[in-house]
Amino acid sequence: MKFGKEFAAQMVPEWQEAYMDYGYLKSLLKDILLHKQRNRPHSSATPTGLKRKLSLYRAFSGLTQRHYQPLSPSEQDIENQPILVHSVLRDGHEKYETTFLMAAEEGGEYELVYFRRLDDEFNKVDKFYRSKVEEVMKEAAELNKQMDALVAFRVKVENPTASFDSSVEMTRLASEVSASTTALHASTPRGVKLNRRVSTVIEDIKEEGSTRHGHLEESGEDIGEEIQTTNKRVEVQNKKKNIKPIKPASVEILNRVQLNNTCETPRSTLRGFIKYPGQTELNFTKENLSKVEETLKRAFIEFYHKLRLLKNYIFLNVLAFSKIMKKYDKITSRGAAKAYMKMVDKSYLGSSDEVTRLMERVEKVFIKHFSNSNRNKGMSILRPKPKRERHRITFSTGFSAGCTAALTLALILIVRARKIMDHSGSTQYMEIMFPLYSLFGFVVLHMLMYAANIFFWRRYRVNHSFIFGFKQGNDLGYHQVLLLSFVLAALALASVLANLDMQIDPETKDYKTFTELLPLILVLIVIAILLCPLNIVYRSSRMFFLTCLFHCICAPLYKVTLPDFFMADQFTSQGQALRSFEFYICYYGWGDFKHRQSSCKSNRIFIAFSFIVVVIPYWSRFLQCLRRLFEEKDIMQGYNGLKYFLTIAAVCLRTAYTLDRGDKGMGWKVLAWMFSVSTAIFSTYWDLVIDWGLLQRHSKNRWLRDKLLVPQKSVYFAAMVLNVLLRFAWLQTILNFNFSYLHRQAMISIVASLEIIRRGVWNFFRVENEHLNNVGKYRAFKSVPLPFNYDEDEDKDE
């Protein structure tokens with residue numbers, strides 16, 4: 001694989017703007033090459049042909065590659081050097097500039113532009129790396145204080161009356177990173193340090209999930225030379241700050257800390273709203289200790305993950321600079337790579353190893369304090385292995401998809417061959433049984449759209465796992481979602497075929513009890529699997545789904561996160577599925593399922609709940625917007641809440657018009673038209689401008705946005721048109737379109753399916769826009785709340 005593609009594949013998606021722009025620098029080299037080819041003198045024996053022929057005898061390189069032989073310092077004249085690299089101090093920051101000494105030669109202006117751009121890229125990378133190192137050092141200092149409190153807390157819990165043992169090891173992350181391993185580097189041979197460092201970095205990159213072999217297009221010898229060239233950066237700076245050894249903190253530190261409320265509950269939310277004073281004293285219980293340990297454990301895992309990506313960031317960028325300079329030497333034959341890479345190795349980017357040493361300290365602390373000194377267990381948590389696709393998943397997905405297709409075809413043939421829809425009981429079947437089975441159709445269609453979303457998110461490198469907060473290695477891929485959807489579809493279709501009976505028993509006048517109960521049995525099986533506490537059928541994903549669902553139901557008592565309001569948005573498109581679930585309860589609870597008779601649609605309670613179940617998702621979103629407006633003071637959340645409030649009114653009015661088409665129907669129709677049109681326009685504008693970030697008039701991609709992940713711009717315009725059309729699918733409810741070959745329930749299901757498809761399209765562009773916002777802010781990590789809070793006065797004293 002070409003290095004440029006591998007380089008792009010290994011990038012942290014949210015940091016891609018901070019990486020060296022390898023593609024642009026390569027295009028500048030192409031301009032230099034084209035200029036040289038245009039101005040090359042024509043002759044019968046071209047240099048290109050001579051170079052190809054002589055390249056067959058690489059063993060004797062004295063004639064063909066004389067310009068690559070480095071001269072000794074005594075022989076080398078400084079005037080023959082193509083570049084001089086020096087550092088300058090600007091705005092309080094160290095920057096590097098390259099002086100190109102051959103600018104007077106023909107085509108030198110192209111090379112001058114190349115080196116200016118190269119310096120800009122290097123300074124950008126170096127500045128970003130310095131800022132990130134400062135961040136991790138501050139986080140390390142904070143974690144250090146948290147560990148002090150944790151160890152003291154453990155001592156208090158395990159032996160409340162004993163005095164603190166001064167021999168207890170306290171973790172000092174930030175200070176030990178600055179002062180440790182100096183002697184080790186001084187006594188370790190250079191080659192050993194290089195090999196160990198290179199192998200560690202390569203191992204880290206492989207663990208990030210790359211399944212392709214090799215980074216470069218050159219041979220294995222070239223790769224070895226490249227790694228040796230790009231990693232001459234292990235010498236530690238001789239002038240270090242002399243940091244005095246810090247004495248272990250005592251149990252008295254607990255007098256200056258308080259426990260943070262890291263797990264928000266409805267009770268804590270209500271207390272905060274009424275400003276009820278919280279608990280100020282520490283309770284030294286094992287329950288509190290386990291909560292503190294779990295919170296700090298997650299903080300260390302997230303911190304270590306950040307260090308790993310930062311380490312890979314260094315390696316990839318230094319390797320990219322080496323590669324691009326090697327290409328430059330190959331084109332111009334100037335030999336500038338050695339001088340430039342010498343500057344890279346001496347720079348902060350190439351010489352600092354704070355990240356590597358900090359990783360070592362984090363590993364030791366985590367293994368000792370959170371893994372019971374079990375290294376294998378600790379490292380498996382810090383470095384989880386990438387999830388591999390299993391062949392049985394692929395096979396099972398294909399098998400279930402085949403079963404679904406076969407059952408669908410069988411259903412169509414049976415209905416057509418037996419002319420079932422012409423029987424007298426077909427109308428009763430469509431009114432009673434069709435709404436029951438349509439529930440599975442809505443769920444399966446939504447799962448298929450979600451599987452398509454995952455596929456395209458991965459294809460266009462949208463970090464959806466980070467956005468939704470999935471645990472590393474536990475998120476479902478599109479294969480797993482397709483498997484679940486096809487299995488559910490196959491079971492539902494098999495149930496339909498078993499229940500496709502229009503004839504009643506001539507003696508009892510009843511339908512078969514078992515076949516009539518099949519839809520209920522299937523629903524109960526799905527609910528049982530969803531609520532099953534055992535570690536089967538993707539337990540972590542089921543628990544994540546139930547947690548988000550519970551937060552939506554309890555809104556606004558929980559802090560609103562993206563997965564929570566994203567889940568509520570999904571349910572706003574499943575209004576008809578919620579009504580089908582309501583019909584299940586009414587039909588099997590109070591109906592006569594043996595005779596396929598139900599009085600649900602004439603029951604006032606059922607009619608009232610037909611309004612409520614559809615409004616619940618919109619009401620949940622409305623409350624979430626109010627919670628965010630109260631916390632974030634963002635007026636846009638107020639406008640968003642107004643949108644959902646208008647939608648609630650429109651849905652209720654359309655439902656009222658559908659249920660009452662008599663004398664009062666005209667009034668309901670006018671009101672439904674007014675609210676539905678205004679809501680549709682408001683929601684369409686919000687979808688395109690706010691949620692998708694499109695319709696920016698002055699964008700470089702006119703009427704879209706500056707950054708697009710899908711290269712085909714027509715896709716965005718088609719999605720906008722489709723969203724507008726499907727937003728107005730509610731017109732069928734008011735205009736009451738009738739088709740002789742379609743039953744009313746079938747038309748309702750088609751309109752509901754169109755809304756689910758619209759939601760699937762919305763999902764992709766909404767998450768894409770969120771990803772681009774994260775990229776713009778270099779936001780690649782979730783903030784983990786820490787368990788202890790130190791008093792401000794104590795922090796100032798320190």
# chains A, B, ... in the order shown; residues from 1 in each chain; ligands from 1
$ residues_around --residues "Phe128 (chain A)" --least-positions-apart "6" --cutoff "10 Å" --atoms "only C-alpha atoms" --output "MDAnalysis selection string"
chainID A and resid 15 18:19 122 349 778
$ closest_atom_pairs --of "region 749-769 of chain A" --to "region 454-465 of chain A" --cutoff "8 Å" --atoms "only C-alpha atoms" --output "Markdown table"
| residue | atom | partner | partner_atom | distance |
| --- | --- | --- | --- | --- |
| A:Phe764 | CA | A:Trp457 | CA | 7.1 |
| A:Val767 | CA | A:His464 | CA | 7.0 |
| A:Glu768 | CA | A:Val462 | CA | 6.2 |
$ closest_atom_pairs --of "region 256-373 of chain A" --to "region 537-556 of chain A" --cutoff "12 Å" --atoms "only C-alpha atoms" --output "JSON lines"
{"residue": "A:Glu264", "atom": "CA", "partner": "A:His551", "partner_atom": "CA", "distance": 11.0}
{"residue": "A:Thr265", "atom": "CA", "partner": "A:His551", "partner_atom": "CA", "distance": 9.9}
{"residue": "A:Pro266", "atom": "CA", "partner": "A:Cys554", "partner_atom": "CA", "distance": 8.0}
{"residue": "A:Arg267", "atom": "CA", "partner": "A:Cys554", "partner_atom": "CA", "distance": 11.5}
{"residue": "A:Thr269", "atom": "CA", "partner": "A:Pro556", "partner_atom": "CA", "distance": 8.9}
{"residue": "A:Leu270", "atom": "CA", "partner": "A:Pro556", "partner_atom": "CA", "distance": 10.1}
{"residue": "A:Phe273", "atom": "CA", "partner": "A:Pro556", "partner_atom": "CA", "distance": 11.4}
$ residues_around --residues "region 434-441 of chain A" --least-positions-apart "4" --cutoff "6 Å" --atoms "only C-alpha atoms" --output "PyMOL selection string"
chain A and resi 430+577+580
$ write_last_selection --atoms "all heavy atoms" --output "mmCIF file, in the first residue's frame"
data_model
loop_
_atom_site.group_PDB
_atom_site.id
_atom_site.type_symbol
_atom_site.label_atom_id
_atom_site.label_comp_id
_atom_site.auth_asym_id
_atom_site.auth_seq_id
_atom_site.Cartn_x
_atom_site.Cartn_y
_atom_site.Cartn_z
ATOM 1 N N MET A 430 -56.590 -7.504 7.830
ATOM 2 C CA MET A 430 -55.830 -6.271 7.677
ATOM 3 C C MET A 430 -56.081 -5.305 8.839
ATOM 4 O O MET A 430 -55.187 -4.555 9.232
ATOM 5 C CB MET A 430 -56.198 -5.581 6.360
ATOM 6 C CG MET A 430 -55.721 -6.336 5.127
ATOM 7 S SD MET A 430 -53.923 -6.486 5.045
ATOM 8 C CE MET A 430 -53.445 -4.781 4.879
ATOM 9 N N ALA A 577 -45.061 2.577 15.170
ATOM 10 C CA ALA A 577 -44.648 1.366 15.882
ATOM 11 C C ALA A 577 -45.131 1.415 17.340
ATOM 12 O O ALA A 577 -45.560 0.390 17.896
ATOM 13 C CB ALA A 577 -43.129 1.222 15.841
ATOM 14 N N SER A 580 -48.687 0.513 17.351
ATOM 15 C CA SER A 580 -48.856 -0.936 17.180
ATOM 16 C C SER A 580 -48.626 -1.661 18.500
ATOM 17 O O SER A 580 -49.345 -2.615 18.834
ATOM 18 C CB SER A 580 -47.878 -1.452 16.121
ATOM 19 O OG SER A 580 -48.155 -0.887 14.857
#
$ select_by_dssp --residues "region 527-761 of chain A" --states "strand (DSSP E or B)" --output "list in words"
Asp592, Gln597, Gln696 and Leu704 of chain A
$ closest_residue --among "A:Lys385, A:Ser396, A:Ile83, A:Ile607" --to "Lys338 (chain A)" --atoms "only C-alpha atoms"
A:Ile83
